[in-house]
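Structure file coords.txt (compact mmCIF, C-alpha atoms) is printed below.
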# COMPACT_ATOMS: atom_id res chain seq x y z
CA MET A 1 -30.72 5.56 -12.21
CA THR A 2 -27.96 4.23 -14.45
CA VAL A 3 -27.31 0.50 -14.29
CA GLN A 4 -23.57 -0.20 -13.98
CA GLY A 5 -21.33 -3.17 -14.46
CA ALA A 6 -23.64 -5.76 -16.01
CA GLY A 7 -22.15 -9.21 -15.74
CA HIS A 8 -20.37 -8.92 -12.40
CA ASP A 9 -20.05 -12.09 -10.37
CA ALA A 10 -19.43 -10.24 -7.12
CA ILE A 11 -19.65 -6.80 -5.60
CA VAL A 12 -17.18 -6.02 -2.82
CA LEU A 13 -18.17 -3.23 -0.45
CA GLY A 14 -15.04 -1.66 1.03
CA ALA A 15 -11.55 -1.07 -0.38
CA GLY A 16 -9.70 -1.85 2.84
CA ALA A 17 -7.51 -4.81 3.79
CA ALA A 18 -10.18 -7.53 3.75
CA GLY A 19 -12.03 -6.10 0.74
CA LEU A 20 -8.95 -5.79 -1.46
CA MET A 21 -7.81 -9.29 -0.54
CA ALA A 22 -11.25 -10.73 -1.27
CA ALA A 23 -11.47 -8.88 -4.60
CA ALA A 24 -7.97 -9.89 -5.72
CA THR A 25 -8.54 -13.55 -4.78
CA ALA A 26 -11.91 -13.74 -6.53
CA GLY A 27 -10.68 -11.84 -9.59
CA GLN A 28 -7.58 -13.97 -10.03
CA GLY A 29 -9.82 -17.01 -9.70
CA GLY A 30 -11.78 -15.90 -12.77
CA ALA A 31 -14.67 -14.00 -11.17
CA ARG A 32 -15.72 -10.60 -12.49
CA VAL A 33 -15.48 -8.30 -9.48
CA VAL A 34 -16.24 -4.67 -8.75
CA VAL A 35 -15.10 -2.90 -5.55
CA LEU A 36 -17.19 0.01 -4.25
CA ASP A 37 -15.98 2.47 -1.61
CA HIS A 38 -17.03 5.96 -0.63
CA ALA A 39 -13.43 7.05 -0.01
CA GLN A 40 -11.29 8.70 -2.67
CA HIS A 41 -8.39 6.34 -2.03
CA ALA A 42 -8.11 2.65 -1.21
CA GLY A 43 -6.55 1.28 1.97
CA ARG A 44 -6.69 4.41 4.12
CA LYS A 45 -6.56 2.48 7.39
CA ILE A 46 -3.65 0.39 6.12
CA LEU A 47 -1.69 3.57 5.43
CA ILE A 48 -1.81 4.84 9.04
CA SER A 49 -1.19 1.44 10.65
CA GLY A 50 2.01 0.60 12.48
CA GLY A 51 3.13 4.22 12.60
CA GLY A 52 2.94 4.33 8.81
CA ARG A 53 4.97 1.14 8.39
CA CYS A 54 2.04 -1.33 8.56
CA ASN A 55 2.43 -4.26 10.94
CA PHE A 56 1.03 -6.43 8.16
CA THR A 57 0.97 -9.79 9.96
CA ASN A 58 2.18 -11.77 12.94
CA MET A 59 3.94 -15.07 12.29
CA ASP A 60 2.45 -16.52 15.48
CA ALA A 61 -1.15 -15.81 14.49
CA GLY A 62 -3.63 -18.48 15.52
CA ALA A 63 -7.17 -18.57 16.87
CA GLY A 64 -5.83 -18.19 20.42
CA GLN A 65 -4.93 -14.55 19.78
CA PHE A 66 -8.49 -13.55 18.89
CA LEU A 67 -11.58 -12.67 20.91
CA SER A 68 -14.95 -13.97 19.73
CA ALA A 69 -18.15 -15.38 21.15
CA ASN A 70 -17.02 -18.53 19.31
CA PRO A 71 -13.26 -18.84 19.90
CA HIS A 72 -13.03 -21.68 17.36
CA PHE A 73 -14.59 -19.80 14.43
CA ALA A 74 -11.38 -18.21 13.13
CA LYS A 75 -9.43 -21.49 12.98
CA SER A 76 -10.51 -22.57 9.50
CA ALA A 77 -9.76 -19.35 7.62
CA LEU A 78 -6.51 -18.73 9.52
CA ALA A 79 -5.31 -22.27 8.75
CA ARG A 80 -6.08 -21.98 5.05
CA TYR A 81 -4.40 -18.60 4.56
CA THR A 82 -1.48 -18.27 6.94
CA PRO A 83 1.00 -15.51 7.83
CA ALA A 84 3.54 -17.41 5.72
CA ASP A 85 1.19 -17.15 2.73
CA PHE A 86 0.90 -13.39 3.08
CA LEU A 87 4.63 -13.01 3.65
CA ALA A 88 5.23 -14.97 0.43
CA LEU A 89 3.01 -12.43 -1.36
CA VAL A 90 4.99 -9.54 0.15
CA GLN A 91 8.27 -11.13 -0.92
CA ARG A 92 6.96 -11.84 -4.42
CA HIS A 93 6.35 -8.12 -4.77
CA ARG A 94 9.87 -7.47 -3.43
CA ILE A 95 8.69 -5.35 -0.52
CA PRO A 96 11.44 -5.01 2.11
CA TRP A 97 10.29 -5.92 5.61
CA HIS A 98 11.61 -6.54 9.10
CA GLU A 99 10.58 -8.26 12.32
CA LYS A 100 10.24 -5.57 14.98
CA ALA A 101 9.20 -7.78 17.90
CA ALA A 102 8.55 -11.50 18.22
CA GLY A 103 6.46 -12.41 15.18
CA GLN A 104 5.47 -8.83 14.26
CA LEU A 105 6.35 -8.00 10.64
CA PHE A 106 6.56 -4.41 9.35
CA CYS A 107 7.38 -2.74 6.04
CA ASP A 108 10.88 -1.22 5.93
CA ARG A 109 9.70 1.76 3.89
CA SER A 110 6.01 2.55 4.11
CA ALA A 111 2.55 1.05 4.47
CA ARG A 112 1.98 2.41 0.95
CA ASP A 113 3.90 -0.66 -0.28
CA ILE A 114 1.13 -2.95 1.04
CA VAL A 115 -1.68 -0.87 -0.51
CA ASP A 116 0.15 -0.71 -3.85
CA MET A 117 0.72 -4.47 -3.72
CA LEU A 118 -2.96 -5.17 -3.12
CA MET A 119 -3.95 -2.80 -5.93
CA ARG A 120 -1.58 -4.61 -8.30
CA GLU A 121 -3.06 -7.93 -7.20
CA CYS A 122 -6.55 -6.57 -7.94
CA ALA A 123 -5.41 -5.30 -11.34
CA SER A 124 -3.97 -8.76 -12.07
CA GLY A 125 -7.46 -10.16 -11.45
CA GLN A 126 -9.03 -7.44 -13.64
CA VAL A 127 -10.96 -6.12 -10.66
CA GLU A 128 -12.97 -2.99 -11.38
CA MET A 129 -12.23 -0.33 -8.75
CA ARG A 130 -14.97 2.26 -8.14
CA LEU A 131 -13.87 4.74 -5.48
CA SER A 132 -15.78 7.88 -4.39
CA HIS A 133 -19.01 5.90 -4.76
CA ARG A 134 -21.39 6.60 -1.89
CA ILE A 135 -23.63 3.61 -1.17
CA ILE A 136 -27.29 4.58 -0.95
CA ASP A 137 -29.08 1.24 -0.72
CA VAL A 138 -28.40 -2.50 -0.75
CA ALA A 139 -31.07 -5.11 -1.47
CA ARG A 140 -31.50 -8.66 -2.72
CA ASP A 141 -34.20 -9.48 -5.26
CA GLY A 142 -36.34 -12.58 -5.61
CA ALA A 143 -33.87 -14.13 -8.05
CA GLY A 144 -31.06 -13.90 -5.49
CA GLN A 145 -29.31 -10.98 -7.18
CA TYR A 146 -27.81 -8.23 -5.03
CA ARG A 147 -28.59 -4.67 -6.01
CA VAL A 148 -26.30 -1.93 -4.75
CA GLU A 149 -27.42 1.62 -5.45
CA THR A 150 -24.73 4.32 -5.33
CA ASP A 151 -24.62 8.00 -6.20
CA HIS A 152 -22.97 6.95 -9.50
CA GLY A 153 -25.40 4.24 -10.51
CA VAL A 154 -26.71 0.78 -9.65
CA PHE A 155 -24.65 -2.44 -9.57
CA HIS A 156 -25.93 -6.04 -9.70
CA ALA A 157 -24.28 -9.37 -8.85
CA PRO A 158 -25.19 -12.78 -7.37
CA SER A 159 -22.56 -12.37 -4.61
CA LEU A 160 -21.97 -9.52 -2.19
CA ILE A 161 -18.85 -9.35 0.01
CA VAL A 162 -19.25 -6.85 2.84
CA ALA A 163 -15.82 -5.58 3.92
CA THR A 164 -16.64 -2.11 5.24
CA GLY A 165 -15.06 -2.72 8.64
CA GLY A 166 -16.30 -1.66 12.05
CA LEU A 167 -16.84 1.66 13.77
CA SER A 168 -13.24 2.47 14.70
CA ILE A 169 -11.51 5.65 13.48
CA PRO A 170 -14.51 7.46 11.94
CA LYS A 171 -12.25 10.23 10.59
CA LEU A 172 -11.06 7.68 8.02
CA GLY A 173 -14.64 7.08 6.92
CA ALA A 174 -15.69 4.22 9.19
CA THR A 175 -19.45 3.73 9.29
CA GLY A 176 -21.87 1.19 10.68
CA LEU A 177 -22.80 -0.06 7.20
CA ALA A 178 -21.69 -3.65 7.74
CA HIS A 179 -23.67 -3.88 10.97
CA ASP A 180 -26.71 -2.24 9.34
CA LEU A 181 -26.60 -4.72 6.46
CA ALA A 182 -26.21 -7.66 8.84
CA ARG A 183 -29.36 -6.62 10.67
CA ARG A 184 -31.22 -5.96 7.41
CA PHE A 185 -30.48 -9.47 6.15
CA GLY A 186 -31.35 -11.09 9.48
CA LEU A 187 -27.86 -11.95 10.71
CA GLY A 188 -27.16 -11.99 14.43
CA MET A 189 -25.02 -9.32 16.08
CA VAL A 190 -22.67 -9.32 19.05
CA ALA A 191 -22.82 -5.85 20.63
CA PRO A 192 -19.96 -3.78 19.18
CA ALA A 193 -17.55 -1.82 21.37
CA PRO A 194 -14.23 0.02 20.93
CA ALA A 195 -11.18 -2.25 21.29
CA LEU A 196 -7.42 -1.70 21.39
CA VAL A 197 -8.26 1.70 22.84
CA PRO A 198 -6.92 3.92 25.69
CA LEU A 199 -8.84 3.84 28.96
CA THR A 200 -10.23 6.93 30.67
CA PHE A 201 -10.82 7.68 34.35
CA GLY A 202 -13.08 9.87 36.47
CA ALA A 203 -12.13 13.25 37.95
CA ARG A 204 -11.05 11.75 41.28
CA ASP A 205 -8.43 9.51 39.67
CA MET A 206 -7.37 12.12 37.14
CA ALA A 207 -6.44 14.49 39.96
CA TRP A 208 -3.42 12.30 40.75
CA MET A 209 -2.96 10.79 37.26
CA GLU A 210 -2.48 14.03 35.34
CA PRO A 211 0.81 14.93 37.09
CA LEU A 212 2.07 11.53 35.87
CA ALA A 213 1.19 12.23 32.20
CA GLY A 214 3.91 11.09 29.81
CA LEU A 215 5.36 8.57 32.23
CA SER A 216 5.86 5.05 30.86
CA VAL A 217 6.34 1.81 32.80
CA ASN A 218 6.46 -1.88 31.90
CA VAL A 219 3.56 -3.76 33.50
CA GLY A 220 1.67 -7.03 33.48
CA ILE A 221 -2.12 -7.08 33.17
CA ALA A 222 -4.17 -10.25 33.61
CA CYS A 223 -7.37 -10.48 31.55
CA GLN A 224 -10.22 -12.93 31.40
CA ASP A 225 -12.19 -13.79 28.28
CA GLY A 226 -15.57 -15.33 29.07
CA ALA A 227 -16.96 -16.79 32.26
CA GLY A 228 -17.29 -20.09 34.06
CA ARG A 229 -15.55 -23.16 32.74
CA GLN A 230 -15.12 -21.57 29.33
CA ALA A 231 -13.15 -18.62 30.76
CA ARG A 232 -9.75 -18.08 29.19
CA HIS A 233 -7.05 -16.22 31.13
CA VAL A 234 -4.28 -14.29 29.42
CA THR A 235 -1.65 -11.90 30.78
CA PHE A 236 -0.17 -9.08 28.72
CA ARG A 237 3.27 -7.84 29.68
CA ASP A 238 4.16 -4.61 27.91
CA GLY A 239 4.36 -0.85 28.25
CA MET A 240 1.77 1.37 29.96
CA VAL A 241 1.67 5.15 29.53
CA PHE A 242 -0.06 7.75 31.69
CA THR A 243 -1.94 10.35 29.63
CA HIS A 244 -3.96 13.48 30.30
CA ARG A 245 -7.11 11.36 29.99
CA GLY A 246 -6.03 8.16 31.71
CA LEU A 247 -3.93 5.20 30.59
CA SER A 248 -2.62 4.04 27.22
CA GLY A 249 0.31 2.04 25.85
CA PRO A 250 0.39 -1.50 24.41
CA ALA A 251 -0.53 -3.32 27.66
CA ILE A 252 -3.56 -1.08 28.20
CA LEU A 253 -4.70 -1.36 24.57
CA GLN A 254 -4.55 -5.15 24.86
CA ALA A 255 -6.47 -5.14 28.15
CA SER A 256 -9.11 -2.78 26.74
CA SER A 257 -10.33 -5.49 24.37
CA TYR A 258 -11.25 -7.62 27.38
CA TRP A 259 -12.31 -4.89 29.81
CA GLN A 260 -16.03 -4.40 30.46
CA PRO A 261 -17.57 -1.25 32.01
CA GLY A 262 -17.61 -1.52 35.80
CA GLU A 263 -14.74 -4.01 35.97
CA VAL A 264 -11.61 -3.36 38.00
CA LEU A 265 -8.28 -3.33 36.19
CA GLU A 266 -5.52 -5.14 38.09
CA ILE A 267 -2.00 -4.07 37.16
CA ASP A 268 1.30 -5.68 38.16
CA LEU A 269 3.84 -2.85 38.21
CA LEU A 270 6.75 -5.23 38.80
CA PRO A 271 6.07 -8.19 36.48
CA GLY A 272 8.46 -11.07 36.96
CA ILE A 273 9.74 -9.67 40.28
CA ASN A 274 9.01 -10.97 43.78
CA ALA A 275 8.08 -7.51 45.07
CA ALA A 276 8.02 -8.39 48.77
CA ALA A 277 11.40 -10.09 48.68
CA ARG A 278 12.91 -7.22 46.70
CA LEU A 279 11.66 -4.49 49.06
CA LEU A 280 12.87 -6.36 52.11
CA GLU A 281 16.24 -6.88 50.43
CA ILE A 282 16.55 -3.14 49.78
CA LYS A 283 15.67 -2.43 53.42
CA ARG A 284 18.40 -4.80 54.54
CA ASP A 285 21.02 -3.38 52.15
CA ARG A 286 20.12 0.31 52.52
CA PRO A 287 18.52 0.76 55.96
CA ARG A 288 19.11 4.52 55.99
CA ALA A 289 17.30 5.13 52.69
CA GLY A 290 13.80 6.55 52.60
CA GLY A 291 10.69 5.16 50.93
CA VAL A 292 11.02 7.26 47.77
CA ALA A 293 14.63 6.17 47.28
CA MET A 294 13.63 2.53 47.71
CA LEU A 295 10.75 2.67 45.24
CA SER A 296 12.83 4.70 42.76
CA MET A 297 15.05 1.64 42.40
CA LEU A 298 12.05 -0.18 40.93
CA LEU A 299 9.79 2.50 39.42
CA PRO A 300 10.12 5.81 37.57
CA GLN A 301 10.77 8.69 39.99
CA ARG A 302 7.35 10.33 39.78
CA LEU A 303 5.54 7.04 40.26
CA ALA A 304 7.81 6.16 43.16
CA GLN A 305 6.93 9.47 44.82
CA PHE A 306 3.22 8.81 44.31
CA PHE A 307 3.34 5.37 45.94
CA ALA A 308 5.56 6.56 48.76
CA ARG A 309 3.05 9.30 49.60
CA SER A 310 0.17 6.82 49.29
CA GLY A 311 1.46 3.92 51.35
CA LEU A 312 4.69 4.61 53.25
CA PRO A 313 5.33 6.68 56.37
CA GLU A 314 8.25 9.11 56.30
CA GLY A 315 11.59 8.11 57.74
CA GLN A 316 14.33 5.59 57.13
CA LEU A 317 13.62 2.04 56.00
CA ALA A 318 15.23 0.72 59.16
CA GLY A 319 12.32 2.13 61.15
CA LEU A 320 9.60 0.61 58.96
CA PRO A 321 8.03 -2.71 60.00
CA ASP A 322 8.41 -5.47 57.39
CA SER A 323 4.63 -5.68 57.25
CA VAL A 324 4.46 -2.15 55.80
CA LEU A 325 6.81 -3.18 53.01
CA THR A 326 4.91 -6.40 52.27
CA ASP A 327 1.68 -4.39 52.11
CA MET A 328 3.35 -2.03 49.62
CA ALA A 329 4.57 -5.04 47.63
CA GLY A 330 1.01 -6.31 47.46
CA MET A 331 -0.15 -2.95 46.11
CA LEU A 332 2.60 -2.84 43.48
CA GLY A 333 1.88 -6.39 42.34
CA ALA A 334 -1.89 -5.96 42.14
CA TRP A 335 -2.64 -2.27 41.71
CA ARG A 336 -6.42 -2.02 41.36
CA LEU A 337 -7.88 0.81 39.29
CA ASN A 338 -11.44 1.55 38.14
CA PRO A 339 -11.56 2.85 34.56
CA HIS A 340 -14.43 5.22 33.82
CA GLY A 341 -14.59 4.23 30.15
CA THR A 342 -12.56 4.33 26.94
CA GLU A 343 -11.57 7.04 24.48
CA GLY A 344 -14.14 5.51 22.13
CA TYR A 345 -14.11 4.69 18.44
CA VAL A 346 -12.17 7.89 17.65
CA LYS A 347 -9.04 6.34 19.19
CA ALA A 348 -9.91 2.63 18.92
CA GLU A 349 -7.75 0.65 16.52
CA VAL A 350 -10.49 -1.93 15.97
CA THR A 351 -14.10 -2.74 16.85
CA ARG A 352 -14.87 -5.62 19.22
CA GLY A 353 -18.03 -7.63 18.48
CA GLY A 354 -19.91 -7.32 15.21
CA VAL A 355 -21.61 -9.87 13.00
CA ASP A 356 -22.30 -13.00 15.03
CA THR A 357 -20.16 -15.89 13.78
CA ALA A 358 -23.11 -18.22 14.40
CA SER A 359 -24.68 -16.61 11.33
CA LEU A 360 -21.66 -17.37 9.11
CA SER A 361 -19.82 -20.34 7.66
CA SER A 362 -16.35 -20.57 9.18
CA ARG A 363 -15.06 -22.01 5.90
CA ASP A 364 -15.92 -19.13 3.57
CA MET A 365 -17.61 -16.35 5.62
CA GLU A 366 -20.93 -16.79 3.78
CA ALA A 367 -24.15 -16.12 5.67
CA ARG A 368 -25.77 -19.45 6.48
CA ASP A 369 -29.30 -18.31 5.63
CA VAL A 370 -28.56 -15.71 2.94
CA PRO A 371 -26.86 -17.28 -0.12
CA GLY A 372 -24.22 -15.14 -1.76
CA LEU A 373 -23.77 -12.76 1.19
CA PHE A 374 -20.29 -12.76 2.73
CA MET A 375 -19.06 -10.83 5.78
CA VAL A 376 -15.30 -10.42 6.25
CA GLY A 377 -12.67 -8.60 8.28
CA GLU A 378 -13.40 -6.28 11.17
CA ALA A 379 -17.16 -6.41 10.52
CA VAL A 380 -17.18 -9.93 12.01
CA ASP A 381 -17.06 -10.81 15.74
CA VAL A 382 -13.38 -11.79 15.54
CA THR A 383 -11.02 -9.30 17.20
CA GLY A 384 -7.27 -9.81 17.30
CA TRP A 385 -4.61 -8.76 19.75
CA LEU A 386 -2.32 -5.84 19.04
CA GLY A 387 0.60 -6.78 16.81
CA GLY A 388 -0.53 -7.66 13.27
CA TYR A 389 -3.23 -10.16 14.19
CA ASN A 390 -6.15 -8.11 12.88
CA PHE A 391 -4.49 -7.70 9.50
CA GLN A 392 -3.96 -11.46 9.32
CA TRP A 393 -7.66 -11.94 10.01
CA ALA A 394 -8.45 -9.48 7.21
CA TRP A 395 -6.23 -11.38 4.75
CA ALA A 396 -7.51 -14.81 5.83
CA SER A 397 -11.23 -13.99 5.91
CA GLY A 398 -11.02 -11.98 2.69
CA HIS A 399 -9.18 -14.79 0.96
CA ALA A 400 -11.76 -17.34 2.15
CA ALA A 401 -14.66 -15.32 0.73
CA GLY A 402 -12.86 -14.48 -2.50
CA GLN A 403 -11.97 -18.12 -3.08
CA ALA A 404 -15.58 -19.16 -2.51
CA VAL A 405 -16.81 -16.64 -5.09
CA ALA A 406 -14.25 -17.83 -7.63
CA GLU A 407 -15.12 -21.49 -7.06
CA ARG A 408 -18.83 -20.71 -7.42
CA ARG A 409 -18.27 -19.11 -10.79
CA GLY A 410 -16.26 -22.11 -11.92
Translate the structure described by the file into structure tokens.
Amino acid sequence: MTVQGAGHDAIVLGAGAAGLMAAATAGQGGARVVVLDHAQHAGRKILISGGGRCNFTNMDAGAGQFLSANPHFAKSALARYTPADFLALVQRHRIPWHEKAAGQLFCDRSARDIVDMLMRECASGQVEMRLSHRIIDVARDGAGQYRVETDHGVFHAPSLIVATGGLSIPKLGATGLAHDLARRFGLGMVAPAPALVPLTFGARDMAWMEPLAGLSVNVGIACQDGAGRQARHVTFRDGMVFTHRGLSGPAILQASSYWQPGEVLEIDLLPGINAAARLLEIKRDRPRAGGVAMLSMLLPQRLAQFFARSGLPEGQLAGLPDSVLTDMAGMLGAWRLNPHGTEGYVKAEVTRGGVDTASLSSRDMEARDVPGLFMVGEAVDVTGWLGGYNFQWAWASGHAAGQAVAERRG
């Protein structure tokens, strides 16, 4: 087997967001870096993100927008490489951008601009890019050197940065390599699961859901992260879409990161509205209207028809007891559904869980008990909300590891 790249200071596994950032940072800091990836092209997941425009960061990013067994772990890296830092990089490369929603920054033209920028940054650091290299084996010898065997030869270096992501979107080449390596080197794992993913339902629910497919409504969904005194409550208020398999849309994707199998999903179909007061007001103002007409003033027509059939007798509002309307208001404000599961890694934007942060240094992402081994990006048990947060974690964690490698060489 041919020995490649003698004299490297670091090997980066994965040419995605975190890997390219780590490589560019280390290379520009003077380290000799090689990036290995089995794909033919770098940044494939970046290219499809944000509808092809790449929601490359969120200006409000902080540890509070991330899920992790240790909610404090992300603070250090996020504080030392901020959204403003990445935006400065984007502006330095004269990439036009815009703010689509509060804090969410997108490319004006294409996500290709971000990939090209990262590749230029790597070139500036004289990073060696080896794409279409299938990784066969990874080991660490007695002298502390990492040995990575590929189908194009063997690479050696004293530092290994694992940036191969999680299990989401396997059609883009996602594998469990990072998790496999974590286990091989004795690092702890938090059970991985699909996150930012549509929810599916059983046949009984789908019987009435399917006729609603394509319908969108703004909702509020309350989620809980953790249990007991450490529990953190957060409510997402955004769009929900009925599909032929269940529910999707931004609010559902956000909730899916918190949802656990067997849990009930509670949905507020009228967020910010006193439902009981509003229904009683409509009854007073339009006593001759029927239930469908009343609910259609608050919900899309098809959904109004569904709820009217489910919880309102026929006839004019004037003939309905107020208690019937307050019961309906309670249902609309806390609609309880039982998801059957998720659409899995095929449709998941990210992977929840991963390498246990207890095994890593929060300062530089290095494994506490395995010198020279760094885990960054989606591979780690740090999962962001929808809206650019996961990219910011990729930039911040990659930068932290790359900086550590550069400092070590110095």
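Across the structure, CA of Leu247 (chain A) and CA of Gly202 (chain A) are spaced 11.8 Å apart.
Residue nearest Tyr146 (chain A), chosen from A:Leu160, A:Ile252, A:Ala191, A:Leu320 and counting only C-alpha atoms: A:Leu160.
With distances taken over all atoms listed in the file, A:Leu337 is the one residue among A:Phe242, A:Leu303, A:Tyr389, A:Leu337 lying closest to Gly262 (chain A).
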Please identify every residue of region 82-143 of chain A that has at least one atom no farther than 9 Å from an atom of region 181-190 of chain A, counting all atoms listed in the file, and for each give the shortest atom pair and the distance in Å to one decimal, arranged by chain then increasing number, as a Markdown table.
| residue | atom | partner | partner_atom | distance |
| --- | --- | --- | --- | --- |
| A:Val138 | CA | A:Leu181 | CA | 7.8 |
| A:Ala139 | CA | A:Phe185 | CA | 8.8 |
| A:Arg140 | CA | A:Phe185 | CA | 9.0 |
Worksheet item: Neighbours of region 345-362 of chain A within 6 Å (all atoms listed in the file; same-chain residues fewer than 4 positions away dropped), as number ranges by chain?
Response: A: 73, 166, 168-169, 187-197, 366-368, 379-381, 383
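Within the 8 Å cut-off around region 53-55 of chain A, using only C-alpha atoms and omitting residues fewer than 2 positions from it on the same chain, the listed residues are A:Ile46, A:Leu47, A:Ile48, A:Ser49, A:Gly50, A:Gly51, A:Thr57, A:Asn58, A:Gln104, A:Leu105, A:Phe106, A:Cys107, A:Asp108, A:Arg109, A:Ser110, A:Ala111, A:Ile114, A:Gly387, A:Gly388, A:Phe391.
Using all atoms listed in the file, the smallest distance between any of A:Gln403, A:Gln301, A:Thr200, A:Asn218 and His244 (chain A) comes from A:Thr200.
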Item to complete: Write out as a ChimeraX atom specification which residues come within 8 Å of Ala255 (chain A) when counting only C-alpha atoms, dropping same-chain ones fewer than 2 positions away.
Response: /A:196,221-223,236,251-253,257-259
Discussion item. When you count all atoms listed in the file, which of these residues is closest to Val219 (chain A): A:Met119, A:Ala334, A:Asp137, A:Val35?
Written reply: A:Ala334
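The shortest atom-to-atom distance to Arg309 (chain A), with only C-alpha atoms taken into account, belongs to A:Trp208 out of A:Met297, A:Met365, A:Asn390, A:Trp208.
In this structure, CA of His399 (chain A) sits 22.2 Å away from CA of Val148 (chain A).
CA of Asp151 (chain A) to CA of Arg134 (chain A) spans 5.6 Å [interatomic distance, one decimal].
Distance annotation: of A:Gly64, A:Leu270, A:Gly214, A:Gly290, the residue with the minimal separation from Glu314 (chain A) is A:Gly290; atom set is only C-alpha atoms.
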Item to complete: Considering only C-alpha atoms, return as a PyMOL selection string whatever protein or nucleic-acid residues lie within 10 Å of Arg278 (chain A), sequence-local ones (same chain, fewer than 5 positions apart) excluded.
Response: chain A and resi 273+283-284+294+298+325-326+329
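Residues lying within 8 Å of Val12 (chain A), counting all atoms listed in the file and ignoring same-chain neighbours fewer than 4 positions away, are Gly19, Ala22, Ala23, Val33, Val34, Val35, Leu36, Leu160, Ile161, Val162 and Ala163 of chain A.
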Which centre and which edge lengths, in Å to one decimal, describe the axis-aligned box that holds all listed atoms of region 255-261 of chain A after 6 Å is added on each side, as lines of an AutoDock Vina configuration file?
center_x = -12.0
center_y = -4.4
center_z = 28.2
size_x = 23.1
size_y = 18.4
size_z = 19.6
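Residues with at least one atom no more than 9 Å from (-9.2, -8.2, -15.1), using only C-alpha atoms, are Gly27, Gln28, Gly30, Ala31, Arg32, Val33, Cys122, Ala123, Ser124, Gly125, Gln126, Val127 and Glu128 of chain A.
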